[in-house]
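**Q** Just so it is clear, I am handing over final01.txt, which has compact mmCIF, C-alpha atoms and all ligand atoms.
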# COMPACT_ATOMS: atom_id res chain seq x y z
CA MET Y 1 -44.26 241.75 276.41
CA ARG Y 2 -43.27 240.06 273.19
CA VAL Y 3 -42.24 241.36 269.85
CA THR Y 4 -41.27 239.11 267.01
CA LEU Y 5 -39.53 240.81 264.16
CA GLY Y 6 -39.93 239.17 260.79
CA ALA Y 7 -37.11 237.76 258.77
CA SER Y 8 -36.78 240.64 256.39
CA LEU Y 9 -37.13 243.40 258.98
CA ALA Y 10 -38.34 246.08 256.64
CA CYS Y 11 -38.28 248.62 259.40
CA PRO Y 12 -36.90 247.19 262.61
CA ASN Y 13 -36.53 250.55 264.23
CA ARG Y 14 -40.19 251.29 263.92
CA SER Y 15 -40.97 248.03 265.67
CA PHE Y 16 -38.73 249.04 268.53
CA ALA Y 17 -40.27 252.45 268.58
CA SER Y 18 -43.81 251.18 268.86
CA LEU Y 19 -42.72 248.77 271.55
CA ARG Y 20 -41.12 251.55 273.54
CA MET Y 21 -44.24 253.65 273.28
CA THR Y 22 -46.15 251.00 275.22
CA VAL Y 23 -43.67 251.20 278.10
CA PRO Y 24 -43.01 254.91 278.41
CA SER Y 25 -41.94 254.72 282.03
CA LEU Y 26 -38.74 252.76 281.42
CA ALA Y 27 -35.81 254.63 282.80
CA ILE Y 28 -32.76 255.55 280.79
CA ARG Y 29 -29.81 253.55 282.06
CA LEU Y 30 -26.75 255.38 283.19
CA TYR Y 31 -23.75 253.13 283.28
CA CYS Y 32 -21.37 253.19 286.14
CA ASN Y 33 -17.78 252.34 285.39
CA THR Y 34 -16.72 250.84 288.67
CA MET Y 35 -14.73 247.63 288.63
CA THR Y 36 -16.57 244.61 289.92
CA ALA Y 37 -15.52 242.32 292.73
CA THR Y 38 -16.27 238.63 293.07
CA THR Y 39 -18.26 239.38 296.21
CA SER Y 40 -20.62 241.85 294.56
CA THR Y 41 -24.19 241.02 295.54
CA PRO Y 42 -26.51 239.83 292.79
CA SER Y 43 -29.33 242.22 293.65
CA LYS Y 44 -31.01 243.70 296.67
CA ALA Y 45 -33.72 241.04 296.58
CA PRO Y 46 -33.28 238.22 299.12
CA PRO Y 47 -32.46 234.78 297.66
CA THR Y 48 -35.57 232.89 296.64
CA LEU Y 49 -36.39 229.20 296.42
CA PHE Y 50 -35.26 229.57 292.80
CA ASP Y 51 -31.78 230.70 293.80
CA ARG Y 52 -31.12 227.37 295.47
CA THR Y 53 -29.75 224.27 293.83
CA PRO Y 54 -32.52 221.73 293.12
CA ARG Y 55 -31.44 219.61 296.08
CA ALA Y 56 -31.43 222.55 298.49
CA ALA Y 57 -34.82 223.68 297.18
CA ARG Y 58 -36.18 220.17 297.67
CA GLU Y 59 -34.92 220.16 301.27
CA LEU Y 60 -36.62 223.46 301.98
CA LEU Y 61 -39.85 222.26 300.40
CA THR Y 62 -39.74 218.96 302.28
CA GLN Y 63 -39.57 220.90 305.52
CA TRP Y 64 -42.26 223.37 304.41
CA VAL Y 65 -44.61 220.57 303.40
CA ALA Y 66 -44.03 218.69 306.69
CA GLU Y 67 -44.73 221.83 308.73
CA ARG Y 68 -48.14 222.02 307.06
CA GLY Y 69 -48.94 218.37 307.70
CA LEU Y 70 -49.07 217.66 303.97
CA PRO Y 71 -48.05 214.32 302.49
CA ALA Y 72 -44.29 214.16 301.78
CA TYR Y 73 -44.80 213.50 298.05
CA ARG Y 74 -46.07 217.05 297.64
CA ALA Y 75 -42.48 218.30 298.03
CA GLY Y 76 -41.51 216.30 294.95
CA GLN Y 77 -44.49 217.56 292.98
CA ILE Y 78 -43.68 221.15 293.83
CA SER Y 79 -39.95 220.70 293.10
CA ARG Y 80 -40.72 219.42 289.60
CA ARG Y 81 -42.40 222.72 288.87
CA LEU Y 82 -39.27 224.72 289.61
CA TRP Y 83 -37.19 223.55 286.64
CA GLN Y 84 -38.19 220.17 285.20
CA ALA Y 85 -41.74 221.06 284.18
CA PRO Y 86 -41.80 224.77 284.99
CA VAL Y 87 -44.98 226.75 285.46
CA ALA Y 88 -45.38 230.49 284.94
CA ALA Y 89 -47.54 230.76 288.08
CA TRP Y 90 -48.46 228.27 290.80
CA THR Y 91 -52.06 228.36 289.69
CA ASP Y 92 -50.94 226.44 286.58
CA ALA Y 93 -49.71 223.50 288.67
CA THR Y 94 -53.07 221.79 288.39
CA GLU Y 95 -51.88 218.56 290.01
CA LEU Y 96 -51.82 220.46 293.31
CA PRO Y 97 -54.93 221.33 295.35
CA LEU Y 98 -56.15 224.91 294.86
CA GLY Y 99 -55.48 225.87 298.49
CA LEU Y 100 -51.88 224.66 298.26
CA ARG Y 101 -51.35 226.63 295.04
CA ALA Y 102 -52.58 229.75 296.79
CA GLU Y 103 -50.22 229.12 299.73
CA LEU Y 104 -47.30 228.60 297.37
CA GLU Y 105 -48.09 231.86 295.63
CA LEU Y 106 -47.68 233.63 298.95
CA ALA Y 107 -44.72 231.67 300.30
CA PHE Y 108 -42.69 231.25 297.10
CA PRO Y 109 -43.89 233.65 294.39
CA ILE Y 110 -42.47 232.60 291.05
CA PRO Y 111 -40.00 235.19 289.78
CA ARG Y 112 -40.04 235.92 286.05
CA LEU Y 113 -37.78 237.59 283.55
CA ALA Y 114 -39.94 239.91 281.47
CA ALA Y 115 -39.28 239.48 277.75
CA GLU Y 116 -39.17 243.06 276.64
CA VAL Y 117 -37.85 242.47 273.15
CA GLU Y 118 -37.65 239.32 271.11
CA GLN Y 119 -35.91 239.36 267.75
CA LEU Y 120 -36.15 236.55 265.24
CA SER Y 121 -33.50 236.23 262.56
CA SER Y 122 -34.22 234.75 259.16
CA ASP Y 123 -31.77 231.96 260.07
CA GLY Y 124 -33.87 231.01 263.10
CA THR Y 125 -31.61 232.67 265.70
CA ARG Y 126 -33.69 234.34 268.40
CA LYS Y 127 -32.48 237.06 270.68
CA PHE Y 128 -34.21 238.11 273.89
CA LEU Y 129 -33.87 241.20 276.01
CA TRP Y 130 -35.08 240.44 279.51
CA ARG Y 131 -36.05 243.16 281.97
CA LEU Y 132 -35.28 242.12 285.55
CA ALA Y 133 -37.25 243.02 288.66
CA ASP Y 134 -35.04 246.02 289.48
CA GLY Y 135 -35.09 247.38 285.93
CA GLU Y 136 -31.75 245.88 284.87
CA ALA Y 137 -31.71 244.44 281.33
CA ILE Y 138 -29.86 241.36 280.09
CA GLU Y 139 -29.73 239.34 276.88
CA SER Y 140 -29.90 235.72 275.77
CA VAL Y 141 -29.62 234.25 272.28
CA LEU Y 142 -31.09 230.93 271.15
CA ILE Y 143 -29.29 229.44 268.16
CA PRO Y 144 -30.84 226.44 266.46
CA SER Y 145 -28.56 224.23 264.37
CA GLY Y 146 -29.89 220.88 263.20
CA THR Y 147 -30.99 219.04 266.31
CA ARG Y 148 -28.94 221.36 268.54
CA ARG Y 149 -30.38 224.37 270.28
CA THR Y 150 -27.64 226.42 271.89
CA LEU Y 151 -28.64 229.09 274.37
CA CYS Y 152 -26.12 231.85 275.01
CA ILE Y 153 -26.80 233.31 278.47
CA SER Y 154 -25.72 236.33 280.49
CA SER Y 155 -24.08 236.10 283.90
CA GLN Y 156 -23.85 239.82 284.78
CA GLY Y 157 -25.67 243.02 283.95
CA GLY Y 158 -23.04 244.86 281.92
CA CYS Y 159 -19.38 243.96 282.32
CA ALA Y 160 -16.39 245.53 284.05
CA LEU Y 161 -13.71 244.23 281.73
CA ARG Y 162 -13.84 246.88 279.01
CA CYS Y 163 -12.43 244.74 276.21
CA SER Y 164 -12.06 247.25 273.41
CA PHE Y 165 -14.13 245.26 270.86
CA CYS Y 166 -17.11 244.41 273.05
CA ALA Y 167 -20.47 246.23 273.24
CA THR Y 168 -21.14 244.96 276.77
CA GLY Y 169 -17.74 246.22 277.90
CA ARG Y 170 -18.71 249.69 276.77
CA MET Y 171 -21.67 249.72 279.14
CA GLY Y 172 -19.55 249.18 282.21
CA PHE Y 173 -20.57 246.97 285.10
CA ARG Y 174 -24.09 247.10 286.50
CA ARG Y 175 -24.44 244.16 288.86
CA ASN Y 176 -24.06 240.44 289.26
CA LEU Y 177 -27.00 238.22 288.40
CA SER Y 178 -28.50 235.86 290.96
CA PRO Y 179 -28.56 232.09 290.30
CA PHE Y 180 -32.23 232.41 289.36
CA GLU Y 181 -31.58 235.27 286.96
CA ILE Y 182 -29.00 233.09 285.17
CA ALA Y 183 -30.90 229.78 285.13
CA GLY Y 184 -34.15 231.72 284.68
CA GLN Y 185 -33.05 232.61 281.14
CA VAL Y 186 -33.39 228.91 280.30
CA ARG Y 187 -36.60 228.67 282.30
CA GLU Y 188 -38.26 231.45 280.34
CA ILE Y 189 -37.36 229.76 277.04
CA VAL Y 190 -38.88 226.49 278.26
CA LEU Y 191 -42.01 228.27 279.54
CA ARG Y 192 -42.57 229.65 276.06
CA ASP Y 193 -42.18 226.24 274.46
CA PRO Y 194 -40.94 223.12 276.27
CA ALA Y 195 -39.65 221.83 272.90
CA ASP Y 196 -37.12 224.69 272.93
CA LEU Y 197 -35.23 223.28 275.95
CA PRO Y 198 -31.62 224.01 274.96
CA THR Y 199 -29.38 221.06 274.23
CA ASN Y 200 -26.33 223.28 274.88
CA VAL Y 201 -25.73 226.32 277.06
CA VAL Y 202 -22.83 228.74 276.73
CA PHE Y 203 -21.98 231.48 279.23
CA MET Y 204 -21.09 233.87 276.44
CA GLY Y 205 -23.74 236.53 276.80
CA MET Y 206 -23.28 239.66 278.88
CA GLY Y 207 -20.75 239.67 281.67
CA GLU Y 208 -17.78 237.72 282.95
CA PRO Y 209 -19.08 234.50 284.55
CA LEU Y 210 -15.99 233.92 286.69
CA LEU Y 211 -16.41 237.33 288.35
CA ASN Y 212 -19.79 236.08 289.56
CA TRP Y 213 -18.71 232.62 290.63
CA PRO Y 214 -21.19 231.94 293.51
CA SER Y 215 -24.19 232.54 291.23
CA VAL Y 216 -22.62 230.81 288.23
CA ASP Y 217 -21.68 227.86 290.46
CA ALA Y 218 -25.30 227.40 291.62
CA SER Y 219 -26.71 227.97 288.14
CA LEU Y 220 -24.39 225.31 286.68
CA THR Y 221 -25.94 222.84 289.12
CA ILE Y 222 -29.46 223.91 288.18
CA LEU Y 223 -28.67 223.51 284.46
CA ASN Y 224 -26.98 220.14 284.87
CA ALA Y 225 -28.85 218.37 287.71
CA ALA Y 226 -31.39 215.68 286.88
CA GLU Y 227 -33.84 217.61 289.08
CA GLY Y 228 -32.92 220.77 287.20
CA PHE Y 229 -32.76 221.08 283.41
CA ASN Y 230 -30.72 217.90 283.04
CA ILE Y 231 -28.40 219.38 280.39
CA GLY Y 232 -25.21 217.31 280.11
CA ALA Y 233 -22.11 218.96 281.61
CA ARG Y 234 -20.21 218.49 278.35
CA HIS Y 235 -22.87 220.61 276.69
CA ILE Y 236 -22.35 223.53 279.06
CA THR Y 237 -19.46 225.93 278.36
CA VAL Y 238 -18.19 228.72 280.58
CA SER Y 239 -16.26 231.40 278.70
CA THR Y 240 -13.81 233.62 280.53
CA VAL Y 241 -11.05 236.14 279.94
CA GLY Y 242 -9.11 234.13 282.53
CA ILE Y 243 -10.09 235.18 286.05
CA LEU Y 244 -7.65 233.00 288.00
CA PRO Y 245 -9.57 232.47 291.29
CA GLY Y 246 -12.71 231.68 289.28
CA MET Y 247 -10.82 229.27 287.05
CA GLU Y 248 -9.52 227.45 290.10
CA ALA Y 249 -13.02 227.19 291.58
CA PHE Y 250 -14.46 226.04 288.25
CA ALA Y 251 -11.72 223.42 287.85
CA ARG Y 252 -12.70 221.97 291.24
CA ARG Y 253 -16.16 221.05 289.99
CA PRO Y 254 -16.18 217.33 289.29
CA GLU Y 255 -18.47 217.49 286.24
CA GLN Y 256 -17.22 217.66 282.66
CA PHE Y 257 -18.18 221.29 282.10
CA ARG Y 258 -16.31 222.95 279.24
CA LEU Y 259 -14.00 225.93 279.51
CA ALA Y 260 -13.43 228.53 276.80
CA ILE Y 261 -10.72 231.16 277.19
CA SER Y 262 -11.14 234.50 275.46
CA LEU Y 263 -7.53 234.73 274.36
CA HIS Y 264 -7.82 237.14 271.41
CA ALA Y 265 -4.08 237.81 271.19
CA PRO Y 266 -1.00 235.56 271.14
CA THR Y 267 1.31 237.84 273.17
CA SER Y 268 0.90 239.77 276.38
CA PRO Y 269 1.48 243.27 274.90
CA GLN Y 270 -1.01 242.66 272.10
CA ARG Y 271 -3.54 241.33 274.56
CA LEU Y 272 -3.03 244.30 276.84
CA SER Y 273 -3.83 246.65 273.96
CA ILE Y 274 -7.36 245.23 273.63
CA MET Y 275 -8.07 243.60 277.01
CA PRO Y 276 -7.28 245.62 280.16
CA ILE Y 277 -7.63 242.46 282.32
CA GLU Y 278 -4.21 241.40 280.97
CA LYS Y 279 -2.73 243.77 283.53
CA LYS Y 280 -4.18 241.75 286.40
CA TYR Y 281 -4.14 238.19 285.01
CA ASP Y 282 -1.51 237.97 282.31
CA LEU Y 283 -1.47 235.59 279.39
CA GLU Y 284 1.14 233.26 280.88
CA ALA Y 285 -0.75 232.94 284.18
CA VAL Y 286 -4.02 232.30 282.35
CA LEU Y 287 -2.40 229.60 280.21
CA LYS Y 288 -0.98 227.93 283.31
CA ALA Y 289 -4.41 227.95 284.97
CA ALA Y 290 -5.99 226.56 281.79
CA ALA Y 291 -3.40 223.77 281.69
CA ALA Y 292 -4.46 222.77 285.20
CA PHE Y 293 -8.00 222.33 283.92
CA ARG Y 294 -8.43 218.62 283.31
CA LYS Y 295 -10.52 218.91 280.18
CA ARG Y 296 -9.72 220.23 276.74
CA VAL Y 297 -10.07 223.98 276.50
CA THR Y 298 -11.09 226.19 273.62
CA PHE Y 299 -9.36 229.47 272.77
CA GLU Y 300 -11.71 232.17 271.53
CA TYR Y 301 -9.94 234.46 269.10
CA VAL Y 302 -11.72 237.50 267.69
CA MET Y 303 -10.07 238.66 264.44
CA ILE Y 304 -9.21 242.36 264.40
CA GLY Y 305 -7.63 243.87 261.30
CA GLY Y 306 -3.98 244.87 261.87
CA VAL Y 307 -4.13 243.98 265.56
CA ASN Y 308 -3.91 240.19 265.81
CA ASP Y 309 -4.40 238.77 262.32
CA ARG Y 310 -0.90 238.55 260.81
CA ASP Y 311 0.84 235.30 259.87
CA ALA Y 312 3.24 235.81 262.77
CA ASP Y 313 0.21 236.00 265.11
CA ALA Y 314 -1.09 232.71 263.74
CA ASP Y 315 2.30 231.09 264.30
CA GLN Y 316 2.52 232.33 267.88
CA LEU Y 317 -1.09 231.31 268.54
CA ALA Y 318 -0.35 227.85 267.15
CA LYS Y 319 2.47 227.49 269.70
CA LEU Y 320 0.14 228.36 272.58
CA ALA Y 321 -2.62 226.08 271.34
CA ARG Y 322 -0.19 223.19 270.88
CA ARG Y 323 1.15 223.65 274.37
CA LEU Y 324 -2.36 223.21 275.82
CA GLY Y 325 -3.84 220.92 273.18
CA ALA Y 326 -6.47 223.64 272.76
CA LEU Y 327 -9.02 224.02 270.02
CA VAL Y 328 -9.04 227.48 268.45
CA ASN Y 329 -12.39 229.07 267.74
CA ILE Y 330 -11.97 232.03 265.41
CA LEU Y 331 -14.62 234.74 265.66
CA PRO Y 332 -15.16 237.37 263.00
CA LEU Y 333 -15.17 240.74 264.76
CA HIS Y 334 -18.61 242.20 265.03
CA PRO Y 335 -18.14 245.91 264.39
CA GLY Y 336 -21.17 246.76 266.57
CA GLY Y 337 -19.03 246.44 269.69
CA ALA Y 338 -16.12 248.41 268.30
CA PRO Y 339 -16.79 251.13 265.74
CA ASP Y 340 -13.10 252.10 265.73
CA LEU Y 341 -11.75 248.60 265.01
CA ILE Y 342 -11.60 246.96 261.59
CA PRO Y 343 -12.88 243.43 261.11
CA THR Y 344 -10.41 241.10 259.43
CA THR Y 345 -11.55 240.23 255.90
CA ALA Y 346 -13.07 236.82 255.21
CA PRO Y 347 -10.17 235.65 252.96
CA ARG Y 348 -7.68 236.71 255.62
CA ILE Y 349 -9.64 234.82 258.27
CA ARG Y 350 -9.58 231.72 256.06
CA SER Y 351 -5.83 231.90 255.50
CA PHE Y 352 -5.22 232.52 259.22
CA ALA Y 353 -7.26 229.40 260.05
CA ALA Y 354 -5.46 227.40 257.36
CA ARG Y 355 -2.11 228.45 258.77
CA LEU Y 356 -3.14 227.16 262.19
CA ARG Y 357 -4.37 223.89 260.71
CA ASN Y 358 -1.13 223.45 258.77
CA GLN Y 359 0.62 223.51 262.10
CA GLY Y 360 -1.61 220.73 263.43
CA ILE Y 361 -4.04 222.96 265.34
CA GLU Y 362 -7.75 222.25 265.27
CA ALA Y 363 -9.33 225.55 264.28
CA THR Y 364 -12.94 226.40 263.55
CA VAL Y 365 -14.20 229.65 262.10
CA ARG Y 366 -17.45 230.60 263.72
CA ARG Y 367 -20.30 230.81 261.29
CA SER Y 368 -22.13 234.09 261.49
CA ARG Y 369 -25.65 233.74 262.81
CA GLY Y 370 -28.41 236.21 263.43
CA LEU Y 371 -27.08 238.53 260.74
CA ASP Y 372 -30.26 240.57 260.58
CA ILE Y 373 -30.67 241.01 264.32
CA ASP Y 374 -28.49 242.44 267.07
CA ALA Y 375 -27.12 239.02 267.93
CA ALA Y 376 -23.74 240.04 269.26
CA CYS Y 377 -23.10 240.31 272.96
CA GLY Y 378 -24.58 243.49 274.47
CA GLN Y 379 -25.88 244.95 271.23
CA LEU Y 380 -29.59 244.58 271.80
CA ARG Y 381 -29.44 246.29 275.15
CA VAL Y 382 -27.31 249.11 273.76
CA LYS Y 383 -29.71 249.58 270.89
CA THR Y 384 -32.80 249.42 273.08
CA GLU Y 385 -31.43 251.97 275.47
CA ARG Y 386 -30.42 254.28 272.68
CA THR Y 387 -33.99 254.02 271.45
CA GLU Y 388 -35.41 254.76 274.89
CA LYS Y 389 -33.18 257.78 275.20
CA THR Y 390 -34.25 259.10 271.84
CA GLU Y 391 -37.89 258.60 272.65
CA ARG Y 392 -37.68 260.40 275.92
CA THR Y 393 -35.98 263.28 274.24
CA GLU Y 394 -38.54 263.35 271.49
CA ARG Y 395 -41.45 263.10 273.90
CA VAL Y 396 -40.17 266.11 275.73
CA VAL Y 397 -39.34 268.07 272.63
CA SER Y 398 -42.16 267.37 270.24
CA ARG Y 399 -44.56 264.80 271.69
CA THR Y 400 -44.51 263.05 268.34
CA SER Y 401 -43.91 259.38 267.56
CA PRO Y 402 -40.49 258.25 268.61
CA SER Y 403 -37.96 256.72 266.26
CA SER Y 404 -34.70 254.92 266.72
CA PRO Y 405 -31.30 256.11 265.63
CA SER Y 406 -29.94 252.60 265.47
CA SER Y 407 -28.50 251.30 262.28
CA PRO Y 408 -29.35 247.87 260.95
CA SER Y 409 -26.84 245.41 262.29
CA SER Y 410 -24.85 242.51 261.08
CA SER Y 411 -23.52 240.21 263.68
CA PRO Y 412 -21.14 237.48 264.56
CA LEU Y 413 -22.93 234.59 265.99
CA PRO Y 414 -23.24 234.39 269.67
CA GLN Y 415 -20.80 231.74 270.48
CA THR Y 416 -21.46 228.11 269.74
CA PRO Y 417 -18.31 226.21 270.52
N1 LIG Y 501 -16.60 237.59 279.55
C1 LIG Y 501 -16.62 236.31 278.93
C2 LIG Y 501 -17.92 235.89 278.27
C3 LIG Y 501 -18.70 236.93 277.49
S1 LIG Y 501 -18.23 237.42 275.87
C4 LIG Y 501 -15.48 236.21 277.96
O1 LIG Y 501 -14.89 237.22 277.65
O2 LIG Y 501 -15.16 235.12 277.53
C5 LIG Y 501 -18.36 236.04 274.85
C6 LIG Y 501 -17.38 236.06 273.68
O3 LIG Y 501 -17.76 237.05 272.70
C7 LIG Y 501 -15.98 236.40 274.13
O4 LIG Y 501 -15.05 235.55 273.53
C8 LIG Y 501 -15.85 237.84 273.63
O5 LIG Y 501 -14.53 238.21 273.51
C9 LIG Y 501 -16.62 237.79 272.32
N2 LIG Y 501 -16.97 239.09 271.78
C10 LIG Y 501 -17.29 240.21 272.44
N3 LIG Y 501 -17.49 241.24 271.60
C11 LIG Y 501 -17.30 240.76 270.35
C12 LIG Y 501 -17.36 241.36 269.05
N4 LIG Y 501 -17.63 242.65 268.89
N5 LIG Y 501 -17.09 240.58 267.99
C13 LIG Y 501 -16.79 239.27 268.17
N6 LIG Y 501 -16.73 238.66 269.37
C14 LIG Y 501 -16.97 239.40 270.46
Take the structure in the file and give it back as C-alpha cells.
Ligand code: SAH
**A**
Amino acid sequence: MRVTLGASLACPNRSFASLRMTVPSLAIRLYCNTMTATTSTPSKAPPTLFDRTPRAARELLTQWVAERGLPAYRAGQISRRLWQAPVAAWTDATELPLGLRAELELAFPIPRLAAEVEQLSSDGTRKFLWRLADGEAIESVLIPSGTRRTLCISSQGGCALRCSFCATGRMGFRRNLSPFEIAGQVREIVLRDPADLPTNVVFMGMGEPLLNWPSVDASLTILNAAEGFNIGARHITVSTVGILPGMEAFARRPEQFRLAISLHAPTSPQRLSIMPIEKKYDLEAVLKAAAAFRKRVTFEYVMIGGVNDRDADADQLAKLARRLGALVNILPLHPGGAPDLIPTTAPRIRSFAARLRNQGIEATVRRSRGLDIDAACGQLRVKTERTEKTERTERVVSRTSPSSPSSPSSSPLPQTP
C-alpha cells in the first residue's frame, strides 16, 4: 500500500484517514513498558535466508543447489537476487528457469516490509511506515542531499530507553528487529527504485541499535558486504545512548563503521534528568568506552530550552568533546517527541555552536529536513496509531468517515551526520 502526500499537504489527515479506511482490520497497538534485554528475540518467525549474512546465505544456497543436482553457478545467480539486484518475488528472477523459481518460492519465500504509509516532504525527504509480518510497525526516512541519499533506519520496534524528548521512547519497547527487518528497509527502497540505493545509512530511526546487537551486527554486514548492498563502512553510522557491552562488540568490528553517541547533556545529573539510561551506563563510563573506539566519534546533542543550552553547558561540552576529539552534532529539539519540553531558539542554538567552535570544537547544527512531514523518530507511527484509534472509536460510535486528531508537524531532520 502506498500513499504519497504532496508537498503542500493541504489536508494530510484526510489522506491518512482514507488510507486507514482501506485497512480497517489493523489492530490498535498497546505499548508495553518492559525494559529490553540484549537477548530479546527479534520475532517469533524462524530466521530466513534473508537473516543470514550474504556469505552464509551463499553457503546455504550452494548446498541447496547441489542437493538438487543443479549447476553450481545457480547459487550465485540466486544470491544476487537477495540484496545486489533484489526481486520482489522469485518469479521476477527471469534469468532462472520457471521450475526453479517455483521451488525457490516454496523453499525461501521472499519476506517483504509492507509500506503502509509513505510521506513526501517538499524538500524531497521521504518517510516510510512499514508494517511487519506480525503487525509491528517501524519507520525509515530517506533524505536526499545533492548526490547523497541518507537512509535513517530502525533497529527495534519501539524503544525501552524512555528519553524524555523522544517520541519512540514514549511508546515503550515492542521487540527487536531481525537482521532482515533491518536490512530489508534498504531492500524495500531499492525495490521501489534501484536508483534510490542509499549512499549513507544511519541507525537513527526507532530503537537502540546496541540493545539489539546480534541483528544489528548481521545487518551491518549485509549493508556493507560486496555481495550485499556494498555501502562503504564509513558511510554507515550507528547511534547509541552508550550501551557499554554493545559498544565493545561494535568496536571489535574491523570495518570503519561510524559511531555517534547521543550525549545530550554535559554532566551526569543533567543527563539523568532526560535520559534514564544514565543510571545504568553513566556519562564517564560512556566516554571511556567511546575513547576506546578507534575512529572519530560524533556527539549528538539535542537542544532543550533551560535544560542543556546555557553557556556553561557549552563550555563543559567543549571539554568533553576535546578530550575525545569528537565532532558535535547539534540537533534542534523536535517538540513532537516532547510536548512538555521547550526547543532552544534558533539564535541561542547558533550562539551555543559558536561558543563550541571558539573553543576549537567542530560543531555542526543539523539542518531541519522533512518539515512538512512527521520526519522525527517515532512520530509517524505515533500519529498513525492515534489515527487508527480514532477511526475505530468513530466506526463504533457513528459509522461515519474517520478523521485524524493529529496536528500538522514540523520536524528536526532525521539524523544525517
Ligand atoms: N537510540 C539511539 C538511536 C535512535 S534516536 C540513540 O539514542 O542514539 C536518533 C537520534 O534522534 C538520537 O540522537 C536521539 O536522541 C534523537 N532524537 C530523539 N527524539 C528527538 C527529538 N524529539 N528531537 C530531536 N532529536 C531527537
**Q** Measuring between all atoms listed in the file, which one of Y:Pro269, Y:Gly205, Y:Pro97, Y:Pro144 shows the shortest distance to ligand LIG 501 (chain Y)?
**A**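 Ranked by minimum distance to ligand LIG 501 (chain Y), first place goes to Y:Gly205.
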**Q** Do you know which residues are within 8 Å of ligand LIG 501 (chain Y) using only C-alpha atoms and all ligand atoms? Can you write them as JSON, numbers by chain?
**A** {"Y": [154, 159, 161, 163, 165, 166, 167, 168, 203, 204, 205, 206, 207, 208, 209, 238, 239, 240, 241, 242, 260, 261, 262, 263, 264, 300, 301, 302, 303, 331, 332, 333, 334, 335, 336, 337, 338, 376, 377, 378, 411, 412, 414, 415]}
**Q** What is the distance, in Å and to one decimal place, between CA of Ala249 (chain Y) and CA of Ala292 (chain Y)?
**A**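 CA of Ala292 (chain Y) lies 11.6 Å from CA of Ala249 (chain Y).
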**Q** Out of Y:Ala160, Y:Ile110, Y:Leu272, Y:Leu197, which residue has the shortest atom-to-atom distance to Ile143 (chain Y) when counting only C-alpha atoms?
**A**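 Selected residue with least distance to Ile143 (chain Y): Y:Leu197.
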**Q** Grab all the atoms of region 151-159 of chain Y that the file lists, wrap them in a box along x, y and z, add 3 Å per side, and give me centre plus edge lengths in Å (one decimal) as JSON.
**A**
{"center_x": -24.0, "center_y": 237.0, "center_z": 279.6, "size_x": 15.3, "size_y": 21.8, "size_z": 16.4}
**Q** Between Y:Gln119, Y:Gly69, Y:Trp83, Y:Thr364, which residue has the minimum interatomic distance to Ala225 (chain Y), considering all atoms listed in the file?
**A**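 Distance minimum relative to Ala225 (chain Y) lands on Y:Trp83.
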**Q** Report the distance between CA of Ser155 (chain Y) and CA of Leu60 (chain Y) in Å, rounded to one decimal place.
**A**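 Separation between CA of Ser155 (chain Y) and CA of Leu60 (chain Y): 25.4 Å.
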**Q** Give me, please, the distance in Å between CA of Ala312 (chain Y) and CA of Ala289 (chain Y), quoted to one decimal.
**A**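 Between CA of Ala312 (chain Y) and CA of Ala289 (chain Y) the gap is 24.8 Å.
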**Q** For Glu139 (chain Y), which residue among Y:Gly228, Y:Gly158, Y:Gly169, Y:Gly306 is the nearest when counting all atoms listed in the file?
**A**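 For Glu139 (chain Y), the nearest of the candidates is Y:Gly158.
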**Q** Within 12 Å of (-39.0, 222.7, 303.9) (file coordinates; only C-alpha atoms), which protein or nucleic acid residues are there? I'd like them as a ChimeraX atom specification.
**A** /Y:49,55-70,72,74-76,78-79,107-108
**Q** Neighbours of Ile138 (chain Y) within 12 Å (all atoms listed in the file; same-chain residues fewer than 6 positions away dropped), as number ranges by chain?
**A** Y: 113-117, 127-132, 152-159, 168, 171, 173-177, 181-182, 184-185, 205-207, 377-382, 384-385
**Q** Kindly save the residues from that selection, with C-alpha atoms included, as a short mmCIF file (atom, residue, chain, number, x, y, z; two decimals), in the coordinates of the input.
**A**
data_model
loop_
_atom_site.label_atom_id
_atom_site.label_comp_id
_atom_site.auth_asym_id
_atom_site.auth_seq_id
_atom_site.Cartn_x
_atom_site.Cartn_y
_atom_site.Cartn_z
CA LEU Y 113 -37.78 237.59 283.55
CA ALA Y 114 -39.94 239.91 281.47
CA ALA Y 115 -39.28 239.48 277.75
CA GLU Y 116 -39.17 243.06 276.64
CA VAL Y 117 -37.85 242.47 273.15
CA LYS Y 127 -32.48 237.06 270.68
CA PHE Y 128 -34.21 238.11 273.89
CA LEU Y 129 -33.87 241.20 276.01
CA TRP Y 130 -35.08 240.44 279.51
CA ARG Y 131 -36.05 243.16 281.97
CA LEU Y 132 -35.28 242.12 285.55
CA CYS Y 152 -26.12 231.85 275.01
CA ILE Y 153 -26.80 233.31 278.47
CA SER Y 154 -25.72 236.33 280.49
CA SER Y 155 -24.08 236.10 283.90
CA GLN Y 156 -23.85 239.82 284.78
CA GLY Y 157 -25.67 243.02 283.95
CA GLY Y 158 -23.04 244.86 281.92
CA CYS Y 159 -19.38 243.96 282.32
CA THR Y 168 -21.14 244.96 276.77
CA MET Y 171 -21.67 249.72 279.14
CA PHE Y 173 -20.57 246.97 285.10
CA ARG Y 174 -24.09 247.10 286.50
CA ARG Y 175 -24.44 244.16 288.86
CA ASN Y 176 -24.06 240.44 289.26
CA LEU Y 177 -27.00 238.22 288.40
CA GLU Y 181 -31.58 235.27 286.96
CA ILE Y 182 -29.00 233.09 285.17
CA GLY Y 184 -34.15 231.72 284.68
CA GLN Y 185 -33.05 232.61 281.14
CA GLY Y 205 -23.74 236.53 276.80
CA MET Y 206 -23.28 239.66 278.88
CA GLY Y 207 -20.75 239.67 281.67
CA CYS Y 377 -23.10 240.31 272.96
CA GLY Y 378 -24.58 243.49 274.47
CA GLN Y 379 -25.88 244.95 271.23
CA LEU Y 380 -29.59 244.58 271.80
CA ARG Y 381 -29.44 246.29 275.15
CA VAL Y 382 -27.31 249.11 273.76
CA THR Y 384 -32.80 249.42 273.08
CA GLU Y 385 -31.43 251.97 275.47
#
**Q** Taking into account all atoms listed in the file, which residue in the set Y:Ala137, Y:Ala88, Y:Ala291, Y:Ala363 is nearest to Val190 (chain Y)?
**A**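 Of the candidates, the smallest distance to Val190 (chain Y) is held by Y:Ala88.
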**Q** Nearest to Arg80 (chain Y) among Y:Leu120, Y:Ile231, Y:Leu96, Y:Leu142, with distances taken over all atoms listed in the file: which residue is it?
**A**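 Among Y:Leu120, Y:Ile231, Y:Leu96, Y:Leu142, it is Y:Leu96 that comes nearest to Arg80 (chain Y).
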